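Novice: Sharing run-v4.cif (mmCIF, C-alpha atoms) below.
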```cif
data_input
loop_
_atom_site.label_atom_id
_atom_site.label_comp_id
_atom_site.auth_asym_id
_atom_site.auth_seq_id
_atom_site.Cartn_x
_atom_site.Cartn_y
_atom_site.Cartn_z
CA MET A 188 -6.52 9.27 22.38
CA GLU A 189 -3.66 7.99 20.23
CA LYS A 190 -2.94 10.09 17.14
CA PRO A 191 -2.31 8.47 13.75
CA LEU A 192 1.29 8.22 12.59
CA LEU A 193 0.20 8.79 8.99
CA ASP A 194 -2.96 10.70 8.16
CA ILE A 195 -3.92 11.15 4.49
CA SER A 196 -6.72 13.66 4.01
CA ASN A 197 -8.56 14.37 0.73
CA LEU A 198 -5.55 13.41 -1.38
CA LYS A 199 -6.01 14.25 -5.06
CA VAL A 200 -3.42 13.46 -7.72
CA SER A 201 -3.68 14.27 -11.41
CA PHE A 202 -1.21 13.91 -14.28
CA LYS A 203 -0.84 16.35 -17.16
CA SER A 204 -1.26 14.69 -20.54
CA ASP A 205 -1.65 16.51 -23.87
CA GLY A 206 -2.43 19.77 -22.09
CA THR A 207 -5.13 18.36 -19.78
CA TYR A 208 -5.00 16.85 -16.30
CA LEU A 209 -6.24 13.30 -15.73
CA ASN A 210 -7.29 12.44 -12.17
CA ALA A 211 -5.56 9.35 -10.77
CA LEU A 212 -6.65 9.85 -7.15
CA SER A 213 -9.88 11.64 -6.19
CA GLY A 214 -10.10 12.39 -2.48
CA VAL A 215 -8.28 9.52 -0.72
CA ASN A 216 -8.51 9.43 3.10
CA LEU A 217 -6.51 6.93 5.13
CA SER A 218 -4.96 6.80 8.61
CA ILE A 219 -2.32 4.45 10.02
CA TYR A 220 -1.41 4.27 13.72
CA PRO A 221 2.00 3.43 15.24
CA GLY A 222 2.78 -0.28 14.99
CA GLU A 223 -0.33 -0.99 12.91
CA SER A 224 -0.41 -2.98 9.66
CA VAL A 225 -2.82 -1.72 7.00
CA ALA A 226 -3.42 -3.10 3.50
CA LEU A 227 -4.34 -1.02 0.47
CA VAL A 228 -6.11 -3.44 -1.87
CA GLY A 229 -7.31 -3.21 -5.46
CA GLU A 230 -6.70 -4.34 -9.02
CA SER A 231 -3.96 -2.92 -11.24
CA GLY A 232 -4.44 0.73 -12.18
CA CYS A 233 -6.67 1.68 -9.25
CA GLY A 234 -4.17 4.12 -7.72
CA LYS A 235 -2.40 2.07 -5.02
CA SER A 236 1.14 2.81 -6.19
CA VAL A 237 0.30 6.47 -6.89
CA THR A 238 -0.79 6.74 -3.25
CA SER A 239 2.49 5.28 -1.99
CA LEU A 240 4.62 7.46 -4.28
CA SER A 241 2.63 10.51 -3.13
CA ILE A 242 3.56 9.73 0.49
CA MET A 243 7.24 9.40 -0.48
CA ARG A 244 7.05 12.50 -2.72
CA LEU A 245 8.45 10.50 -5.65
CA LEU A 246 5.85 11.33 -8.33
CA LYS A 247 6.97 12.59 -11.73
CA ALA A 248 7.13 16.30 -12.54
CA ASN A 249 3.85 16.23 -14.50
CA ALA A 250 1.87 15.31 -11.35
CA LYS A 251 -0.32 17.81 -9.50
CA VAL A 252 -0.92 16.86 -5.85
CA GLU A 253 -3.58 18.39 -3.58
CA GLY A 254 -4.79 17.61 -0.08
CA GLN A 255 -2.72 16.73 2.98
CA ILE A 256 -0.36 13.91 3.94
CA SER A 257 0.45 14.31 7.63
CA PHE A 258 3.27 12.25 9.13
CA ASN A 259 3.97 12.70 12.84
CA GLY A 260 2.13 16.01 12.66
CA LYS A 261 4.07 17.35 9.63
CA ASN A 262 2.37 17.89 6.27
CA LEU A 263 4.77 16.15 3.88
CA LEU A 264 3.34 18.04 0.88
CA SER A 265 4.45 21.37 2.34
CA LEU A 266 8.06 20.33 3.07
CA GLY A 267 11.00 21.44 0.97
CA THR A 268 13.23 18.98 -0.88
CA LYS A 269 15.93 18.91 1.84
CA GLU A 270 13.39 18.41 4.64
CA MET A 271 11.73 15.57 2.73
CA ARG A 272 15.09 13.86 2.16
CA LYS A 273 15.64 13.82 5.93
CA ILE A 274 12.36 11.95 6.42
CA ARG A 275 12.68 9.63 3.41
CA GLY A 276 14.74 6.59 4.43
CA GLN A 277 14.98 7.59 8.08
CA ASP A 278 11.34 7.89 9.23
CA VAL A 279 9.53 6.46 6.18
CA SER A 280 11.01 3.76 3.93
CA MET A 281 9.65 1.97 0.89
CA ILE A 282 10.11 -1.55 -0.44
CA PHE A 283 9.54 -1.34 -4.17
CA GLN A 284 7.81 -3.91 -6.32
CA GLU A 285 10.76 -4.78 -8.54
CA PRO A 286 14.25 -4.70 -6.95
CA MET A 287 16.03 -4.88 -10.32
CA SER A 288 14.63 -1.49 -11.30
CA ALA A 289 14.80 0.04 -7.80
CA LEU A 290 18.41 -0.87 -6.99
CA ASN A 291 21.48 0.45 -8.84
CA PRO A 292 23.13 -2.30 -10.93
CA VAL A 293 26.62 -0.70 -10.85
CA ILE A 294 26.89 -0.14 -7.09
CA ARG A 295 27.81 -2.97 -4.73
CA ILE A 296 25.14 -4.32 -2.37
CA GLY A 297 26.95 -3.18 0.78
CA ASP A 298 27.28 0.41 -0.46
CA GLN A 299 23.58 0.61 -1.39
CA ILE A 300 22.35 -0.68 1.95
CA GLY A 301 24.83 1.59 3.75
CA GLU A 302 23.78 4.77 1.92
CA PRO A 303 20.86 5.69 4.25
CA LEU A 304 23.13 5.04 7.26
CA PHE A 305 25.72 7.43 5.80
CA LEU A 306 23.12 10.10 5.04
CA HIS A 307 21.05 9.91 8.24
CA GLU A 308 23.16 8.31 10.97
CA LYS A 309 26.56 9.91 10.19
CA LEU A 310 28.45 6.72 11.05
CA THR A 311 32.05 5.89 10.14
CA LYS A 312 32.80 3.51 7.26
CA ARG A 313 33.68 0.74 9.71
CA GLN A 314 30.44 1.26 11.68
CA ILE A 315 28.40 1.30 8.48
CA LYS A 316 29.92 -1.98 7.28
CA THR A 317 29.28 -3.63 10.66
CA ARG A 318 25.65 -2.46 10.61
CA VAL A 319 25.12 -3.56 6.97
CA LEU A 320 26.42 -7.06 7.75
CA GLU A 321 24.03 -7.19 10.73
CA LEU A 322 21.15 -6.18 8.45
CA LEU A 323 22.04 -8.85 5.88
CA ARG A 324 22.00 -11.49 8.61
CA LEU A 325 18.76 -10.05 9.98
CA VAL A 326 16.98 -10.53 6.64
CA GLY A 327 18.19 -14.13 6.40
CA ILE A 328 21.10 -13.87 3.97
CA ALA A 329 23.56 -16.65 4.77
CA ARG A 330 26.75 -15.23 3.18
CA PRO A 331 26.72 -11.58 4.30
CA GLU A 332 30.46 -10.96 3.77
CA GLU A 333 30.27 -12.20 0.17
CA ILE A 334 26.93 -10.55 -0.62
CA TYR A 335 28.28 -7.25 0.73
CA ARG A 336 30.77 -7.11 -2.18
CA GLU A 337 28.44 -8.43 -4.92
CA TYR A 338 26.15 -6.68 -7.41
CA ILE A 339 22.38 -7.00 -7.71
CA HIS A 340 22.52 -9.07 -10.94
CA GLN A 341 24.40 -11.81 -9.06
CA LEU A 342 21.47 -12.47 -6.70
CA SER A 343 18.23 -14.43 -7.04
CA GLY A 344 14.84 -12.69 -6.92
CA GLY A 345 14.26 -13.62 -3.30
CA MET A 346 17.70 -12.37 -2.23
CA ARG A 347 17.19 -9.08 -4.11
CA GLN A 348 13.96 -8.54 -2.21
CA ARG A 349 15.76 -9.28 1.07
CA VAL A 350 18.36 -6.66 0.14
CA MET A 351 15.54 -4.17 -0.49
CA ILE A 352 14.09 -4.95 2.94
CA ALA A 353 17.52 -4.57 4.59
CA MET A 354 17.95 -1.18 2.90
CA ALA A 355 14.48 -0.06 4.00
CA MET A 356 15.15 -1.25 7.59
CA ALA A 357 18.60 0.35 7.88
CA CYS A 358 17.53 3.41 9.93
CA LYS A 359 14.69 1.65 11.78
CA PRO A 360 11.90 3.77 10.27
CA LYS A 361 8.55 4.36 11.94
CA LEU A 362 6.66 3.45 8.73
CA ILE A 363 7.44 0.92 6.00
CA ILE A 364 5.55 1.08 2.71
CA ALA A 365 5.69 -2.27 0.91
CA ASP A 366 4.48 -2.01 -2.69
CA GLU A 367 3.63 -5.53 -3.94
CA PRO A 368 6.79 -6.91 -2.26
CA THR A 369 6.22 -10.54 -3.30
CA THR A 370 4.67 -10.24 -6.78
CA ALA A 371 7.65 -11.60 -8.75
CA LEU A 372 8.52 -14.38 -6.28
CA ASP A 373 7.53 -18.03 -6.16
CA VAL A 374 5.18 -19.22 -3.42
CA THR A 375 7.88 -20.59 -1.09
CA VAL A 376 10.05 -17.47 -1.24
CA GLN A 377 6.92 -15.30 -0.92
CA ALA A 378 6.05 -16.99 2.38
CA GLN A 379 9.61 -16.45 3.66
CA ILE A 380 9.57 -12.75 2.75
CA LEU A 381 6.16 -12.21 4.40
CA ASP A 382 7.32 -13.97 7.59
CA LEU A 383 10.44 -11.80 7.59
CA LEU A 384 8.45 -8.59 7.16
CA ARG A 385 5.98 -9.55 9.89
CA ASN A 386 8.73 -10.43 12.37
CA LEU A 387 10.74 -7.27 11.67
CA GLN A 388 7.63 -5.14 12.06
CA LYS A 389 6.80 -6.63 15.46
CA GLU A 390 10.38 -6.48 16.74
CA ASN A 391 10.77 -2.81 15.79
CA ASN A 392 7.14 -1.68 16.41
CA MET A 393 6.92 -0.26 12.89
CA ALA A 394 3.74 0.68 11.07
CA LEU A 395 3.25 -1.13 7.77
CA LEU A 396 1.34 -0.01 4.68
CA LEU A 397 1.09 -3.10 2.46
CA ILE A 398 0.02 -2.43 -1.11
CA THR A 399 -1.25 -5.54 -2.85
CA HIS A 400 -3.94 -7.14 -4.98
CA ASP A 401 -3.50 -10.50 -3.21
CA LEU A 402 -6.21 -10.95 -0.58
CA GLY A 403 -4.45 -14.03 0.77
CA VAL A 404 -1.45 -11.86 1.70
CA VAL A 405 -3.82 -9.33 3.32
CA SER A 406 -5.44 -11.98 5.54
CA GLU A 407 -2.02 -13.16 6.70
CA MET A 408 -0.29 -9.81 7.26
CA CYS A 409 -2.71 -7.02 8.16
CA GLU A 410 -5.15 -5.83 10.82
CA ARG A 411 -7.10 -3.36 8.67
CA ALA A 412 -7.69 -3.06 4.94
CA ALA A 413 -8.80 -0.28 2.60
CA VAL A 414 -10.23 -1.34 -0.76
CA MET A 415 -9.49 1.04 -3.64
CA TYR A 416 -11.27 1.31 -6.97
CA ALA A 417 -10.59 3.82 -9.77
CA GLY A 418 -8.76 6.30 -7.57
CA LYS A 419 -11.07 6.19 -4.54
CA ILE A 420 -11.27 4.10 -1.37
CA VAL A 421 -14.67 2.39 -1.51
CA GLU A 422 -14.51 0.36 1.71
CA GLU A 423 -12.39 0.21 4.85
CA SER A 424 -12.67 -2.21 7.75
CA THR A 425 -10.82 -4.73 9.87
CA VAL A 426 -9.49 -7.68 7.88
CA ASP A 427 -11.76 -10.19 9.65
CA THR A 428 -14.83 -8.07 8.91
CA LEU A 429 -13.78 -7.52 5.31
CA PHE A 430 -13.65 -11.26 4.61
CA ASN A 431 -16.69 -12.27 6.64
CA ASP A 432 -19.02 -9.34 5.99
CA PRO A 433 -17.97 -7.29 2.93
CA ARG A 434 -20.34 -4.40 2.16
CA HIS A 435 -19.31 -2.81 -1.14
CA PRO A 436 -20.23 -4.77 -4.32
CA TYR A 437 -16.65 -4.42 -5.56
CA THR A 438 -15.26 -5.93 -2.35
CA LYS A 439 -17.80 -8.75 -2.59
CA GLY A 440 -16.66 -9.37 -6.17
CA LEU A 441 -13.00 -9.53 -5.16
CA ILE A 442 -13.69 -12.01 -2.37
CA SER A 443 -16.01 -14.19 -4.46
CA SER A 444 -13.25 -14.55 -7.07
CA ILE A 445 -10.92 -16.26 -4.57
CA PRO A 446 -10.76 -20.04 -5.14
CA LYS A 447 -11.70 -22.14 -2.09
CA LEU A 448 -9.87 -25.33 -1.12
CA GLU A 449 -12.68 -26.69 1.04
CA GLY A 450 -16.37 -27.39 0.46
CA GLU A 451 -18.18 -27.57 -2.86
CA ARG A 452 -16.15 -26.36 -5.82
CA ASN A 453 -17.98 -24.05 -8.20
CA ARG A 454 -16.85 -21.90 -11.07
CA LEU A 455 -15.28 -18.64 -9.95
CA LYS A 456 -17.46 -15.58 -10.44
CA PRO A 457 -15.46 -12.82 -12.16
CA ILE A 458 -16.28 -9.12 -11.97
CA PRO A 459 -17.66 -8.15 -15.42
CA GLY A 460 -16.28 -5.26 -17.46
CA ASN A 461 -13.08 -3.27 -17.11
CA VAL A 462 -11.69 -0.51 -14.91
CA PRO A 463 -12.65 2.88 -16.44
CA SER A 464 -9.87 4.95 -18.02
CA LEU A 465 -8.69 8.16 -16.36
CA ALA A 466 -9.98 10.10 -19.36
CA ASN A 467 -13.49 8.66 -19.14
CA MET A 468 -14.60 8.24 -15.53
CA PRO A 469 -18.32 7.53 -14.90
CA GLN A 470 -20.37 10.47 -13.66
CA GLY A 471 -21.78 8.78 -10.56
CA CYS A 472 -20.40 5.75 -8.75
CA ARG A 473 -17.24 4.64 -10.56
CA PHE A 474 -18.14 0.99 -10.11
CA ALA A 475 -21.72 1.39 -11.39
CA PRO A 476 -21.04 0.19 -15.00
CA ARG A 477 -19.75 -3.13 -13.58
CA CYS A 478 -22.15 -3.49 -10.63
CA GLU A 479 -25.05 -5.94 -10.76
CA PHE A 480 -26.86 -3.93 -8.04
CA ALA A 481 -26.54 -0.50 -9.72
CA MET A 482 -29.57 1.79 -9.43
CA GLU A 483 -30.45 4.98 -11.31
CA GLN A 484 -28.96 7.04 -8.50
CA CYS A 485 -25.66 5.18 -8.79
CA ILE A 486 -25.30 6.16 -12.44
CA HIS A 487 -25.84 9.90 -11.94
CA GLN A 488 -24.66 10.69 -8.41
CA GLU A 489 -21.42 9.75 -6.66
CA PRO A 490 -22.07 8.11 -3.26
CA SER A 491 -20.75 9.73 -0.10
CA TYR A 492 -18.47 7.77 2.21
CA MET A 493 -20.12 6.75 5.48
CA ALA A 494 -19.44 4.71 8.62
CA ILE A 495 -21.64 1.60 8.82
CA ASN A 496 -20.41 0.69 12.29
CA LYS A 497 -17.26 1.06 14.41
CA LYS A 498 -15.35 -1.31 12.14
CA THR A 499 -16.56 -0.54 8.62
CA SER A 500 -16.92 2.49 6.36
CA VAL A 501 -18.19 2.28 2.79
CA GLY A 502 -19.11 4.46 -0.18
CA CYS A 503 -22.19 2.84 -1.75
CA TRP A 504 -25.78 4.03 -2.33
CA LEU A 505 -27.11 0.51 -1.79
CA GLU A 506 -25.45 0.24 1.61
CA ARG A 507 -26.60 3.72 2.57
CA GLY A 508 -30.20 2.67 1.84
CA ASN A 509 -29.76 -0.52 3.88
CA ASN A 510 -28.31 1.47 6.75
CA ASP A 511 -31.22 3.93 6.66
CA ASP A 512 -33.63 0.99 6.79
CA ARG A 513 -31.80 -0.40 9.85
CA SER A 514 -31.92 3.00 11.58
CA THR A 515 -35.66 3.30 10.93
CA ALA A 516 -36.32 -0.22 12.21
CA THR A 517 -34.44 0.38 15.48
CA SER A 518 -35.85 3.84 16.17
#
```
Take the structure I supplied and represent it as structure tokens, if you would.
Specialist:
Amino acid sequence: MEKPLLDISNLKVSFKSDGTYLNALSGVNLSIYPGESVALVGESGCGKSVTSLSIMRLLKANAKVEGQISFNGKNLLSLGTKEMRKIRGQDVSMIFQEPMSALNPVIRIGDQIGEPLFLHEKLTKRQIKTRVLELLRLVGIARPEEIYREYIHQLSGGMRQRVMIAMAMACKPKLIIADEPTTALDVTVQAQILDLLRNLQKENNMALLLITHDLGVVSEMCERAAVMYAGKIVEESTVDTLFNDPRHPYTKGLISSIPKLEGERNRLKPIPGNVPSLANMPQGCRFAPRCEFAMEQCIHQEPSYMAINKKTSVGCWLERGNNDDRSTATS
């Protein structure tokens, strides 16, 4: 049986604030297999970016991380700084949400893209330049020789994102983490970037972890999706199943808020309430204060995560009761 490339087990992350620790992630479990594309979905503040930064070991000093992040059989959380630097950029790369803050404004484009090649591949300057120009062409930049010598402020948003992708692709990593890679782009450029990512992934057989709140992007790019709410994954399934048969009330709320182009047009149904703060998490199910199906048990006891079938797992007391009813009926 094929082993996962990335296996996150019981990941807990908390941040120290005013002498106390606030939990941002509470027991996240997620696996990604070689060549697979997986989406991590949820609204702002749910813990998606904290998960990605935990994998890359780029969290701030006030973070406390527990659990296990296994990549190719190695627990990344137990590696020293030098060992982690060998993996970061070579085996695992990240495309950040905002290139202007992720790229250095005083270093030329060519030197930034060439840095991982210098660190990991030990190529000559001539070889690095040749490879960087190839990468710029690969990501669809028409003037690679000119762009090589320019600075990030001279490029458009779409070109900056292409530079980020070229930098992430430089050493042909086994896993790419894309954190909201198209958020700041217009619709046309967004489509181009997504096509580029999808083609590069297939050509190089890379695994992709796509972090987004855009379900339209998920349906276009990914095979599986994990839905996150308030620091926990509440549902995981194939993308087709997620859209056609969502089980968790939060997932149903996300999908029902998507406008439809066909059929009868009705008012969108928003999810009431707000995401709870890290300092004041509900005692039971974290979604219970916003859930129209919440029961007494939901308010006082956190639901366990369970497999509904081969394709779907969910953490919901309502779904657990429905599943028990199905088991009784078929026995």
Novice: Pick out the closest residue to Ile458 (chain A) from this set: A:Glu230, A:Asp205, A:Glu483, A:Leu306. Count only C-alpha atoms.
Specialist: A:Glu230
Novice: What do you get, as a PDB file with C-alpha atoms, in the coordinates of the input, if you spell out every residue that the PyMOL selection byres ((chain A and resi 414-419) around 9) selects here?
Specialist:
```pdb
ATOM      1  CA  LYS A 199      -6.010  14.250  -5.060  1.00  0.00           C
ATOM      2  CA  VAL A 200      -3.420  13.460  -7.720  1.00  0.00           C
ATOM      3  CA  ASN A 210      -7.290  12.440 -12.170  1.00  0.00           C
ATOM      4  CA  ALA A 211      -5.560   9.350 -10.770  1.00  0.00           C
ATOM      5  CA  LEU A 212      -6.650   9.850  -7.150  1.00  0.00           C
ATOM      6  CA  SER A 213      -9.880  11.640  -6.190  1.00  0.00           C
ATOM      7  CA  GLY A 214     -10.100  12.390  -2.480  1.00  0.00           C
ATOM      8  CA  VAL A 215      -8.280   9.520  -0.720  1.00  0.00           C
ATOM      9  CA  ASN A 216      -8.510   9.430   3.100  1.00  0.00           C
ATOM     10  CA  ALA A 226      -3.420  -3.100   3.500  1.00  0.00           C
ATOM     11  CA  LEU A 227      -4.340  -1.020   0.470  1.00  0.00           C
ATOM     12  CA  VAL A 228      -6.110  -3.440  -1.870  1.00  0.00           C
ATOM     13  CA  GLY A 229      -7.310  -3.210  -5.460  1.00  0.00           C
ATOM     14  CA  GLU A 230      -6.700  -4.340  -9.020  1.00  0.00           C
ATOM     15  CA  GLY A 232      -4.440   0.730 -12.180  1.00  0.00           C
ATOM     16  CA  CYS A 233      -6.670   1.680  -9.250  1.00  0.00           C
ATOM     17  CA  GLY A 234      -4.170   4.120  -7.720  1.00  0.00           C
ATOM     18  CA  LYS A 235      -2.400   2.070  -5.020  1.00  0.00           C
ATOM     19  CA  ALA A 412      -7.690  -3.060   4.940  1.00  0.00           C
ATOM     20  CA  ALA A 413      -8.800  -0.280   2.600  1.00  0.00           C
ATOM     21  CA  ILE A 420     -11.270   4.100  -1.370  1.00  0.00           C
ATOM     22  CA  VAL A 421     -14.670   2.390  -1.510  1.00  0.00           C
ATOM     23  CA  GLU A 422     -14.510   0.360   1.710  1.00  0.00           C
ATOM     24  CA  GLU A 423     -12.390   0.210   4.850  1.00  0.00           C
ATOM     25  CA  SER A 424     -12.670  -2.210   7.750  1.00  0.00           C
ATOM     26  CA  TYR A 437     -16.650  -4.420  -5.560  1.00  0.00           C
ATOM     27  CA  THR A 438     -15.260  -5.930  -2.350  1.00  0.00           C
ATOM     28  CA  VAL A 462     -11.690  -0.510 -14.910  1.00  0.00           C
ATOM     29  CA  PRO A 463     -12.650   2.880 -16.440  1.00  0.00           C
ATOM     30  CA  SER A 464      -9.870   4.950 -18.020  1.00  0.00           C
ATOM     31  CA  LEU A 465      -8.690   8.160 -16.360  1.00  0.00           C
ATOM     32  CA  MET A 468     -14.600   8.240 -15.530  1.00  0.00           C
ATOM     33  CA  ARG A 473     -17.240   4.640 -10.560  1.00  0.00           C
ATOM     34  CA  PHE A 474     -18.140   0.990 -10.110  1.00  0.00           C
TER      35      PHE A 474
END
```
Novice: Would you translate the PyMOL selection byres ((chain A and resi 275-292) around 9) into the concrete set of residues it matches in this file, as a PyMOL selection string?
Specialist: chain A and resi 239+242-244+270-274+293-296+299+303-304+307-308+338-340+344+347-348+350-352+354-371
Novice: Take every atom of region 397-416 of chain A listed in the file, fit an axis-aligned box around them, add 5 Å per side, and give the centre and edge lengths in Å to one decimal as JSON.
Specialist:
```
{"center_x": -5.1, "center_y": -6.4, "center_z": 1.9, "size_x": 22.4, "size_y": 25.3, "size_z": 27.8}
```
Novice: Would you please work out which residue, of A:Met393, A:Val326, A:Ile445, A:Cys409, is nearest to Ser224 (chain A) when using only C-alpha atoms?
Specialist: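 For Ser224 (chain A), the nearest of the candidates is A:Cys409.
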Novice: Would you list the contacts of Tyr335 (chain A) as number ranges by chain, taking every protein, DNA or RNA residue within 12 Å and counting only C-alpha atoms, but skipping same-chain residues closer than 6 positions in sequence?
Specialist: A: 294-301, 315-324, 328-329, 341-342, 350, 353
Novice: Put those residues in a file: C-alpha atoms, as a PDB file, in the frame of the given file.
Specialist:
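Final output, saved to result_27.pdb:
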```pdb
ATOM      1  CA  ILE A 294      26.890  -0.140  -7.090  1.00  0.00           C
ATOM      2  CA  ARG A 295      27.810  -2.970  -4.730  1.00  0.00           C
ATOM      3  CA  ILE A 296      25.140  -4.320  -2.370  1.00  0.00           C
ATOM      4  CA  GLY A 297      26.950  -3.180   0.780  1.00  0.00           C
ATOM      5  CA  ASP A 298      27.280   0.410  -0.460  1.00  0.00           C
ATOM      6  CA  GLN A 299      23.580   0.610  -1.390  1.00  0.00           C
ATOM      7  CA  ILE A 300      22.350  -0.680   1.950  1.00  0.00           C
ATOM      8  CA  GLY A 301      24.830   1.590   3.750  1.00  0.00           C
ATOM      9  CA  ILE A 315      28.400   1.300   8.480  1.00  0.00           C
ATOM     10  CA  LYS A 316      29.920  -1.980   7.280  1.00  0.00           C
ATOM     11  CA  THR A 317      29.280  -3.630  10.660  1.00  0.00           C
ATOM     12  CA  ARG A 318      25.650  -2.460  10.610  1.00  0.00           C
ATOM     13  CA  VAL A 319      25.120  -3.560   6.970  1.00  0.00           C
ATOM     14  CA  LEU A 320      26.420  -7.060   7.750  1.00  0.00           C
ATOM     15  CA  GLU A 321      24.030  -7.190  10.730  1.00  0.00           C
ATOM     16  CA  LEU A 322      21.150  -6.180   8.450  1.00  0.00           C
ATOM     17  CA  LEU A 323      22.040  -8.850   5.880  1.00  0.00           C
ATOM     18  CA  ARG A 324      22.000 -11.490   8.610  1.00  0.00           C
ATOM     19  CA  ILE A 328      21.100 -13.870   3.970  1.00  0.00           C
ATOM     20  CA  ALA A 329      23.560 -16.650   4.770  1.00  0.00           C
ATOM     21  CA  GLN A 341      24.400 -11.810  -9.060  1.00  0.00           C
ATOM     22  CA  LEU A 342      21.470 -12.470  -6.700  1.00  0.00           C
ATOM     23  CA  VAL A 350      18.360  -6.660   0.140  1.00  0.00           C
ATOM     24  CA  ALA A 353      17.520  -4.570   4.590  1.00  0.00           C
TER      25      ALA A 353
END
```
Novice: What does the structure give for the distance between CA of Ser241 (chain A) and CA of Ile256 (chain A), in Å to one decimal?
Specialist: 8.4 Å
Novice: A:Ser231, A:Asn392, A:Gln488, A:Thr238: which is nearest Asn197 (chain A), counting only C-alpha atoms?
Specialist: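 Checking each candidate against Asn197 (chain A), we get A:Thr238 as the closest.
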